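Participant: File name coords.cif; file contents mmCIF, C-alpha atoms, pLDDT in the B column; chains and numbers go by the auth columns; full text below.
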data_my_file
loop_
_atom_site.group_PDB
_atom_site.id
_atom_site.type_symbol
_atom_site.label_atom_id
_atom_site.label_comp_id
_atom_site.label_asym_id
_atom_site.label_seq_id
_atom_site.Cartn_x
_atom_site.Cartn_y
_atom_site.Cartn_z
_atom_site.B_iso_or_equiv
_atom_site.auth_seq_id
_atom_site.auth_asym_id
ATOM 1 C CA MET A 1 -59.144 -86.789 -15.663 95.00 151 N
ATOM 2 C CA HIS A 2 -55.363 -86.826 -16.164 97.00 152 N
ATOM 3 C CA ILE A 3 -53.194 -83.714 -16.480 98.00 153 N
ATOM 4 C CA LEU A 4 -49.560 -84.023 -17.566 98.00 154 N
ATOM 5 C CA ALA A 5 -46.828 -81.455 -16.890 98.00 155 N
ATOM 6 C CA ILE A 6 -43.637 -81.365 -18.974 98.00 156 N
ATOM 7 C CA ASN A 7 -40.656 -79.640 -17.376 98.00 157 N
ATOM 8 C CA GLY A 8 -38.219 -78.325 -19.979 98.00 158 N
ATOM 9 C CA SER A 9 -35.829 -76.930 -17.372 97.00 159 N
ATOM 10 C CA PRO A 10 -32.681 -78.744 -16.201 97.00 160 N
ATOM 11 C CA ARG A 11 -33.678 -77.790 -12.668 95.00 161 N
ATOM 12 C CA LYS A 12 -36.279 -79.890 -10.889 95.00 162 N
ATOM 13 C CA ASN A 13 -36.968 -77.570 -7.958 94.00 163 N
ATOM 14 C CA ASN A 14 -36.620 -74.043 -9.258 94.00 164 N
ATOM 15 C CA ASN A 15 -38.865 -71.482 -10.957 96.00 165 N
ATOM 16 C CA THR A 16 -40.268 -73.494 -13.875 98.00 166 N
ATOM 17 C CA ALA A 17 -40.699 -76.686 -11.869 98.00 167 N
ATOM 18 C CA ILE A 18 -42.331 -74.802 -8.988 97.00 168 N
ATOM 19 C CA LEU A 19 -44.943 -73.283 -11.282 98.00 169 N
ATOM 20 C CA LEU A 20 -45.648 -76.602 -13.002 98.00 170 N
ATOM 21 C CA LYS A 21 -46.114 -78.249 -9.613 98.00 171 N
ATOM 22 C CA LYS A 22 -48.566 -75.496 -8.683 98.00 172 N
ATOM 23 C CA VAL A 23 -50.584 -76.246 -11.820 98.00 173 N
ATOM 24 C CA LEU A 24 -50.706 -79.897 -10.831 98.00 174 N
ATOM 25 C CA GLU A 25 -51.670 -78.979 -7.269 98.00 175 N
ATOM 26 C CA GLY A 26 -54.586 -76.949 -8.625 98.00 176 N
ATOM 27 C CA ALA A 27 -55.705 -79.845 -10.812 98.00 177 N
ATOM 28 C CA ALA A 28 -55.322 -82.350 -7.981 98.00 178 N
ATOM 29 C CA SER A 29 -57.460 -80.138 -5.721 97.00 179 N
ATOM 30 C CA LYS A 30 -60.320 -80.876 -8.130 97.00 180 N
ATOM 31 C CA GLY A 31 -59.663 -84.597 -8.166 97.00 181 N
ATOM 32 C CA ALA A 32 -57.517 -84.893 -11.297 97.00 182 N
ATOM 33 C CA ALA A 33 -54.707 -87.411 -11.601 98.00 183 N
ATOM 34 C CA THR A 34 -51.386 -85.672 -12.318 98.00 184 N
ATOM 35 C CA THR A 35 -47.964 -86.580 -13.686 97.00 185 N
ATOM 36 C CA MET A 36 -44.723 -84.589 -13.931 98.00 186 N
ATOM 37 C CA VAL A 37 -42.126 -85.403 -16.603 98.00 187 N
ATOM 38 C CA ASN A 38 -38.613 -83.911 -16.441 98.00 188 N
ATOM 39 C CA LEU A 39 -37.216 -83.806 -19.970 98.00 189 N
ATOM 40 C CA TYR A 40 -33.620 -83.596 -18.781 98.00 190 N
ATOM 41 C CA ASP A 41 -33.995 -87.072 -17.256 97.00 191 N
ATOM 42 C CA LEU A 42 -34.763 -88.538 -20.687 98.00 192 N
ATOM 43 C CA ASN A 43 -32.582 -89.690 -23.568 98.00 193 N
ATOM 44 C CA TYR A 44 -34.026 -88.551 -26.898 98.00 194 N
ATOM 45 C CA LYS A 45 -33.428 -86.397 -29.950 96.00 195 N
ATOM 46 C CA GLY A 46 -35.474 -83.985 -32.035 97.00 196 N
ATOM 47 C CA CYS A 47 -37.237 -84.729 -35.311 97.00 197 N
ATOM 48 C CA ILE A 48 -34.977 -86.521 -37.836 97.00 198 N
ATOM 49 C CA SER A 49 -37.149 -85.732 -40.899 96.00 199 N
ATOM 50 C CA CYS A 50 -37.824 -89.378 -41.686 96.00 200 N
ATOM 51 C CA PHE A 51 -41.416 -88.409 -42.643 97.00 201 N
ATOM 52 C CA ALA A 52 -42.755 -91.768 -41.439 97.00 202 N
ATOM 53 C CA CYS A 53 -45.571 -89.850 -39.754 97.00 203 N
ATOM 54 C CA LYS A 54 -46.625 -88.511 -43.185 96.00 204 N
ATOM 55 C CA LEU A 55 -46.367 -91.755 -45.193 96.00 205 N
ATOM 56 C CA ILE A 56 -49.766 -92.693 -46.646 94.00 206 N
ATOM 57 C CA ASN A 57 -50.859 -96.088 -45.290 93.00 207 N
ATOM 58 C CA GLY A 58 -47.626 -96.266 -43.316 94.00 208 N
ATOM 59 C CA LYS A 59 -47.621 -97.990 -39.954 95.00 209 N
ATOM 60 C CA SER A 60 -46.508 -94.749 -38.277 96.00 210 N
ATOM 61 C CA TYR A 61 -48.858 -92.352 -40.080 96.00 211 N
ATOM 62 C CA GLY A 62 -49.745 -89.611 -37.598 96.00 212 N
ATOM 63 C CA LYS A 63 -47.353 -91.044 -35.036 96.00 213 N
ATOM 64 C CA CYS A 64 -43.654 -90.421 -34.452 97.00 214 N
ATOM 65 C CA ALA A 65 -41.691 -93.499 -35.569 97.00 215 N
ATOM 66 C CA LEU A 66 -38.624 -92.869 -33.404 96.00 216 N
ATOM 67 C CA LYS A 67 -38.270 -95.218 -30.445 96.00 217 N
ATOM 68 C CA ASP A 68 -36.580 -93.691 -27.433 97.00 218 N
ATOM 69 C CA ASP A 69 -37.459 -92.257 -24.015 98.00 219 N
ATOM 70 C CA LEU A 70 -40.063 -89.941 -25.556 97.00 220 N
ATOM 71 C CA THR A 71 -42.116 -92.807 -26.968 97.00 221 N
ATOM 72 C CA PRO A 72 -44.078 -93.586 -23.771 97.00 222 N
ATOM 73 C CA ILE A 73 -44.469 -89.856 -23.083 97.00 223 N
ATOM 74 C CA MET A 74 -46.114 -89.380 -26.480 96.00 224 N
ATOM 75 C CA GLU A 75 -48.516 -92.215 -25.685 95.00 225 N
ATOM 76 C CA THR A 76 -49.375 -90.638 -22.335 96.00 226 N
ATOM 77 C CA ILE A 77 -50.062 -87.286 -24.008 96.00 227 N
ATOM 78 C CA ALA A 78 -52.349 -88.964 -26.537 95.00 228 N
ATOM 79 C CA ASN A 79 -54.506 -90.136 -23.644 95.00 229 N
ATOM 80 C CA ALA A 80 -54.234 -87.034 -21.437 97.00 230 N
ATOM 81 C CA ASP A 81 -57.037 -84.569 -20.830 97.00 231 N
ATOM 82 C CA ALA A 82 -54.689 -81.584 -20.582 98.00 232 N
ATOM 83 C CA ILE A 83 -50.978 -80.867 -20.807 98.00 233 N
ATOM 84 C CA VAL A 84 -48.853 -78.064 -19.375 98.00 234 N
ATOM 85 C CA LEU A 85 -45.411 -77.299 -20.793 98.00 235 N
ATOM 86 C CA GLY A 86 -42.834 -75.253 -18.937 98.00 236 N
ATOM 87 C CA SER A 87 -39.508 -73.819 -20.045 98.00 237 N
ATOM 88 C CA PRO A 88 -37.092 -71.138 -18.934 97.00 238 N
ATOM 89 C CA ILE A 89 -35.981 -68.727 -21.641 96.00 239 N
ATOM 90 C CA TYR A 90 -32.420 -69.298 -22.872 94.00 240 N
ATOM 91 C CA LEU A 91 -31.064 -66.959 -25.573 91.00 241 N
ATOM 92 C CA HIS A 92 -34.531 -65.556 -26.276 91.00 242 N
ATOM 93 C CA SER A 93 -36.079 -68.985 -26.767 94.00 243 N
ATOM 94 C CA ILE A 94 -37.109 -72.222 -25.068 97.00 244 N
ATOM 95 C CA THR A 95 -34.483 -74.712 -23.934 98.00 245 N
ATOM 96 C CA SER A 96 -32.989 -77.130 -26.457 97.00 246 N
ATOM 97 C CA SER A 97 -34.666 -80.049 -24.684 98.00 247 N
ATOM 98 C CA MET A 98 -38.098 -78.445 -24.969 98.00 248 N
ATOM 99 C CA LYS A 99 -37.455 -77.513 -28.611 98.00 249 N
ATOM 100 C CA ALA A 100 -36.544 -81.111 -29.505 98.00 250 N
ATOM 101 C CA PHE A 101 -39.576 -82.373 -27.614 98.00 251 N
ATOM 102 C CA LEU A 102 -41.941 -79.983 -29.418 98.00 252 N
ATOM 103 C CA GLU A 103 -40.531 -80.946 -32.811 98.00 253 N
ATOM 104 C CA ARG A 104 -41.459 -84.538 -32.109 98.00 254 N
ATOM 105 C CA LEU A 105 -44.789 -83.761 -30.439 98.00 255 N
ATOM 106 C CA ILE A 106 -46.175 -81.292 -32.967 97.00 256 N
ATOM 107 C CA PHE A 107 -44.880 -82.514 -36.322 97.00 257 N
ATOM 108 C CA GLN A 108 -46.406 -85.989 -36.064 97.00 258 N
ATOM 109 C CA TYR A 109 -49.904 -84.490 -35.936 97.00 259 N
ATOM 110 C CA LEU A 110 -49.574 -81.653 -38.462 96.00 260 N
ATOM 111 C CA VAL A 111 -51.078 -82.320 -41.897 95.00 261 N
ATOM 112 C CA TYR A 112 -49.484 -80.872 -45.014 92.00 262 N
ATOM 113 C CA ASP A 113 -52.655 -79.205 -46.265 93.00 263 N
ATOM 114 C CA GLN A 114 -53.634 -75.567 -46.730 90.00 264 N
ATOM 115 C CA LYS A 115 -55.061 -75.306 -43.236 86.00 265 N
ATOM 116 C CA HIS A 116 -52.293 -77.216 -41.454 85.00 266 N
ATOM 117 C CA SER A 117 -54.947 -79.545 -40.081 94.00 267 N
ATOM 118 C CA THR A 118 -54.296 -81.820 -37.136 97.00 268 N
ATOM 119 C CA LEU A 119 -54.408 -85.593 -36.752 96.00 269 N
ATOM 120 C CA PHE A 120 -54.740 -85.327 -32.976 96.00 270 N
ATOM 121 C CA PRO A 121 -58.120 -86.974 -32.386 94.00 271 N
ATOM 122 C CA LYS A 122 -59.556 -84.579 -29.799 95.00 272 N
ATOM 123 C CA LYS A 123 -59.284 -81.106 -28.332 96.00 273 N
ATOM 124 C CA ILE A 124 -57.498 -80.706 -25.011 97.00 274 N
ATOM 125 C CA ARG A 125 -56.386 -77.798 -22.853 97.00 275 N
ATOM 126 C CA VAL A 126 -52.732 -76.823 -23.231 98.00 276 N
ATOM 127 C CA GLY A 127 -50.788 -74.530 -20.945 98.00 277 N
ATOM 128 C CA LEU A 128 -47.425 -72.962 -21.757 98.00 278 N
ATOM 129 C CA ILE A 129 -45.351 -71.529 -18.908 98.00 279 N
ATOM 130 C CA TYR A 130 -42.288 -69.350 -19.517 98.00 280 N
ATOM 131 C CA THR A 131 -39.873 -68.252 -16.798 97.00 281 N
ATOM 132 C CA MET A 132 -37.192 -65.668 -17.488 95.00 282 N
ATOM 133 C CA ASN A 133 -34.839 -63.011 -16.168 91.00 283 N
ATOM 134 C CA ALA A 134 -36.390 -60.490 -18.539 89.00 284 N
ATOM 135 C CA THR A 135 -38.944 -58.036 -17.240 90.00 285 N
ATOM 136 C CA HIS A 136 -42.440 -57.917 -18.700 90.00 286 N
ATOM 137 C CA GLU A 137 -41.466 -54.869 -20.755 92.00 287 N
ATOM 138 C CA GLN A 138 -38.331 -56.546 -22.108 91.00 288 N
ATOM 139 C CA PHE A 139 -40.309 -59.663 -22.981 91.00 289 N
ATOM 140 C CA ALA A 140 -42.914 -57.674 -24.896 91.00 290 N
ATOM 141 C CA ALA A 141 -40.239 -55.727 -26.786 90.00 291 N
ATOM 142 C CA SER A 142 -37.790 -58.487 -27.690 89.00 292 N
ATOM 143 C CA TYR A 143 -39.092 -61.980 -26.910 88.00 293 N
ATOM 144 C CA GLU A 144 -42.829 -62.227 -27.471 90.00 294 N
ATOM 145 C CA ASN A 145 -42.851 -62.248 -31.278 89.00 295 N
ATOM 146 C CA GLU A 146 -40.161 -64.939 -31.400 88.00 296 N
ATOM 147 C CA LEU A 147 -42.288 -67.276 -29.291 94.00 297 N
ATOM 148 C CA LYS A 148 -45.690 -66.685 -30.893 95.00 298 N
ATOM 149 C CA SER A 149 -45.259 -69.541 -33.360 95.00 299 N
ATOM 150 C CA ILE A 150 -45.110 -72.087 -30.526 96.00 300 N
ATOM 151 C CA THR A 151 -48.486 -70.960 -29.228 97.00 301 N
ATOM 152 C CA LEU A 152 -49.927 -71.016 -32.753 95.00 302 N
ATOM 153 C CA TYR A 153 -48.706 -74.537 -33.478 96.00 303 N
ATOM 154 C CA LEU A 154 -49.952 -75.900 -30.164 97.00 304 N
ATOM 155 C CA THR A 155 -53.333 -74.280 -30.803 97.00 305 N
ATOM 156 C CA LYS A 156 -53.526 -75.796 -34.281 96.00 306 N
ATOM 157 C CA VAL A 157 -52.728 -79.284 -33.027 97.00 307 N
ATOM 158 C CA PHE A 158 -54.589 -79.440 -29.717 97.00 308 N
ATOM 159 C CA GLY A 159 -57.291 -76.796 -30.057 96.00 309 N
ATOM 160 C CA SER A 160 -56.084 -74.218 -27.524 95.00 310 N
ATOM 161 C CA CYS A 161 -53.018 -72.871 -25.757 97.00 311 N
ATOM 162 C CA GLU A 162 -52.951 -70.617 -22.702 96.00 312 N
ATOM 163 C CA ASN A 163 -49.706 -68.817 -21.782 97.00 313 N
ATOM 164 C CA LEU A 164 -48.437 -67.924 -18.317 97.00 314 N
ATOM 165 C CA LEU A 165 -45.358 -65.712 -17.917 97.00 315 N
ATOM 166 C CA SER A 166 -43.130 -65.382 -14.887 96.00 316 N
ATOM 167 C CA ASN A 167 -40.814 -62.421 -15.423 94.00 317 N
ATOM 168 C CA ASP A 168 -37.719 -61.103 -13.681 92.00 318 N
ATOM 169 C CA THR A 169 -37.172 -64.352 -11.790 92.00 319 N
ATOM 170 C CA TYR A 170 -34.407 -65.309 -9.375 86.00 320 N
ATOM 171 C CA GLN A 171 -31.531 -67.078 -11.119 87.00 321 N
ATOM 172 C CA PHE A 172 -29.123 -67.493 -8.194 85.00 322 N
ATOM 173 C CA ASN A 173 -29.795 -68.099 -4.523 83.00 323 N
ATOM 174 C CA ASP A 174 -26.933 -65.742 -3.647 87.00 324 N
ATOM 175 C CA TYR A 175 -26.069 -63.135 -6.259 88.00 325 N
ATOM 176 C CA SER A 176 -22.896 -62.120 -4.386 88.00 326 N
ATOM 177 C CA LYS A 177 -21.262 -65.406 -5.459 92.00 327 N
ATOM 178 C CA TYR A 178 -21.681 -64.791 -9.184 91.00 328 N
ATOM 179 C CA PHE A 179 -20.492 -62.120 -11.607 93.00 329 N
ATOM 180 C CA ALA A 180 -23.758 -60.733 -12.941 90.00 330 N
ATOM 181 C CA PRO A 181 -23.646 -56.922 -12.556 90.00 331 N
ATOM 182 C CA ILE A 182 -26.585 -56.436 -14.915 87.00 332 N
ATOM 183 C CA PHE A 183 -28.934 -57.615 -12.162 87.00 333 N
ATOM 184 C CA ASP A 184 -29.922 -55.721 -9.024 87.00 334 N
ATOM 185 C CA GLU A 185 -30.400 -58.325 -6.291 87.00 335 N
ATOM 186 C CA ARG A 186 -32.588 -56.002 -4.217 88.00 336 N
ATOM 187 C CA LYS A 187 -35.015 -55.584 -7.122 88.00 337 N
ATOM 188 C CA LYS A 188 -34.883 -59.320 -7.807 85.00 338 N
ATOM 189 C CA HIS A 189 -35.711 -60.012 -4.173 88.00 339 N
ATOM 190 C CA ALA A 190 -38.642 -57.600 -4.295 88.00 340 N
ATOM 191 C CA VAL A 191 -40.056 -59.368 -7.340 87.00 341 N
ATOM 192 C CA ARG A 192 -39.485 -62.745 -5.717 88.00 342 N
ATOM 193 C CA THR A 193 -41.326 -61.618 -2.616 92.00 343 N
ATOM 194 C CA LYS A 194 -44.245 -59.853 -4.267 93.00 344 N
ATOM 195 C CA GLN A 195 -44.725 -61.169 -7.812 94.00 345 N
ATOM 196 C CA PHE A 196 -43.626 -64.790 -7.750 95.00 346 N
ATOM 197 C CA PRO A 197 -46.262 -65.788 -5.172 96.00 347 N
ATOM 198 C CA GLN A 198 -48.872 -64.304 -7.537 97.00 348 N
ATOM 199 C CA ASP A 199 -47.360 -66.295 -10.414 97.00 349 N
ATOM 200 C CA CYS A 200 -47.730 -69.423 -8.288 97.00 350 N
ATOM 201 C CA LYS A 201 -51.358 -68.546 -7.582 98.00 351 N
ATOM 202 C CA ASN A 202 -51.974 -68.029 -11.306 98.00 352 N
ATOM 203 C CA ALA A 203 -50.422 -71.411 -12.022 98.00 353 N
ATOM 204 C CA PHE A 204 -52.595 -73.094 -9.372 98.00 354 N
ATOM 205 C CA ASN A 205 -55.689 -71.465 -10.905 98.00 355 N
ATOM 206 C CA MET A 206 -54.661 -72.725 -14.348 98.00 356 N
ATOM 207 C CA GLY A 207 -54.663 -76.237 -12.958 98.00 357 N
ATOM 208 C CA VAL A 208 -58.134 -75.702 -11.509 98.00 358 N
ATOM 209 C CA ARG A 209 -59.453 -74.352 -14.842 97.00 359 N
ATOM 210 C CA PHE A 210 -57.983 -77.256 -16.773 97.00 360 N
ATOM 211 C CA THR A 211 -60.153 -79.711 -14.871 96.00 361 N
ATOM 212 C CA THR A 212 -63.402 -78.115 -16.091 89.00 362 N
#
Using structure tokens, write down the structure from this file.

Facilitator:
Amino acid sequence: MHILAINGSPRKNNNTAILLKKVLEGAASKGAATTMVNLYDLNYKGCISCFACKLINGKSYGKCALKDDLTPIMETIANADAIVLGSPIYLHSITSSMKAFLERLIFQYLVYDQKHSTLFPKKIRVGLIYTMNATHEQFAASYENELKSITLYLTKVFGSCENLLSNDTYQFNDYSKYFAPIFDERKKHAVRTKQFPQDCKNAFNMGVRFTT
């Protein structure tokens, strides 16, 4: 079994990456092979609307025709048993790197029929991890509806999508060095101490579940 994690954060050792690594640790504890991909290390672009993946009898039907750093990642995903995607929330949405990646990943498999069928040949487990400064209440009020379509598309293509949220996360190691009066560092520290370890445990358990 092979589980692939895709880090859509520019940071390789902070909130999003930590949770993705916990997922992989959980999977590895059950004997799964694991791989981490950092999107910000790659050179690629989003969908260019060439429609080669939709061309009947075309050599790239059901497969993205662009050749860049995403090409081998797409091939790895096609052979994976589960994938976990992680992104911080920027301006109420996923990062631009994750957005471009999802355009390429999802569109190649979507069929233009009434059901939006999928050309992906099997069903696999998909995890979607969001990290954000927003509290759970703020996320539910202002963010959740904007992100629902991502879960729906991933479910259509791969068969399932499980979300994990990490709210009210630390953004700076030392808040005194940055002008950010909207945040209360004491409250942030309390969340970091009490809630983030639980988020890590939830991520580890996701990795365990994805091996079954």

Participant: Evaluate the PyMOL selection byres ((chain N and resi 251) around 12) on the structure here and hand back the selected residues as a PyMOL selection string.

Facilitator: chain N and resi 156-158+187-190+192-198+214+218-221+223-224+235-237+244-250+252-258

Participant: For the point (-43.2, -81.6, -14.1) in file coordinates, what residues are within 12 Å, counting all atoms listed in the file? Give the answer as a VMD selection string?

Facilitator: chain N and resid 153 to 175 184 to 191 233 to 237 279

Participant: Contacts of segment 310-315 of chain N at 7 Å or less, counting only C-alpha atoms, minus same-chain residues fewer than 5 places along, as a PyMOL selection string?

Facilitator: chain N and resi 275-281+301+304-305

Participant: What do you get, as a tab-separated table (two decimals) with C-alpha atoms, in the frame of the given file, if you spell out every residue that the PyMOL selection byres ((chain N and resi 273) around 7) selects here?

Facilitator:
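Result file is part-v5.tsv:
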chain	number	residue	atom	x	y	z
N	272	LYS	CA	-59.56	-84.58	-29.80
N	274	ILE	CA	-57.50	-80.71	-25.01
N	308	PHE	CA	-54.59	-79.44	-29.72
N	309	GLY	CA	-57.29	-76.80	-30.06

Participant: Scan for residues within 10 Å of the point (-53.5, -93.3, -18.8) in the coordinates of the file, using only C-alpha atoms, and reply as an MDAnalysis selection string.

Facilitator: chainID N and resid 151:153 183 225:231

Participant: Those same residues, written as a CSV table (one decimal), in the coordinates of the input with C-alpha atoms?

Facilitator:
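The file below, selection_8.csv, is the result:
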chain,number,residue,atom,x,y,z
N,151,MET,CA,-59.1,-86.8,-15.7
N,152,HIS,CA,-55.4,-86.8,-16.2
N,153,ILE,CA,-53.2,-83.7,-16.5
N,183,ALA,CA,-54.7,-87.4,-11.6
N,225,GLU,CA,-48.5,-92.2,-25.7
N,226,THR,CA,-49.4,-90.6,-22.3
N,227,ILE,CA,-50.1,-87.3,-24.0
N,228,ALA,CA,-52.3,-89.0,-26.5
N,229,ASN,CA,-54.5,-90.1,-23.6
N,230,ALA,CA,-54.2,-87.0,-21.4
N,231,ASP,CA,-57.0,-84.6,-20.8

Participant: Is it possible to get the axis-aligned box enclosing segment 202-206 of chain N (all listed atoms, 3 Å extra per side) as JSON, with centre and edge lengths in Å rounded to one decimal?

Facilitator:
{"center_x": -46.3, "center_y": -90.6, "center_z": -43.2, "size_x": 13.0, "size_y": 10.2, "size_z": 12.9}

Participant: What does the distance between atom CA of Gln321 of chain N and atom CA of Asn283 of chain N come to in Å, to one decimal place?

Facilitator: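 Going from atom CA of Gln321 of chain N over to atom CA of Asn283 of chain N covers 7.3 Å.
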
Participant: Neighbours of Gly176 of chain N within 9 Å (all atoms listed in the file; same-chain residues fewer than 2 positions away dropped), as a PyMOL selection string?

Facilitator: chain N and resi 171-174+178-180+182+353-361

Participant: Using all atoms listed in the file, determine which residues lie at most 9 Å from segment 332-339 of chain N, disregarding the query and same-chain residues fewer than 5 positions distant; provide the list as a PyMOL selection string.

Facilitator: chain N and resi 283+318-320+324-326+344

Participant: Please compute the atom CA of Ser267 of chain N-atom CA of Ser199 of chain N distance, one decimal, in Å.

Facilitator: 18.9 Å

Participant: Just so the selection is clear, what residues does the PyMOL selection byres ((chain N and resi 317) around 6) cover here, as a PyMOL selection string?

Facilitator: chain N and resi 282+284-286+316+318-319

Participant: Have a look at atom CA of Lys217 of chain N and atom CA of Pro271 of chain N and let me know their distance in Å, one decimal.

Facilitator: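 These atoms are spaced 21.6 Å apart.
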
Participant: With all atoms listed in the file as the counted atoms, please give the residues lying no more than 8 Å from Thr268 of chain N, apart from itself and same-chain residues fewer than 6 positions off, as a PyMOL selection string.

Facilitator: chain N and resi 259-261+306-308
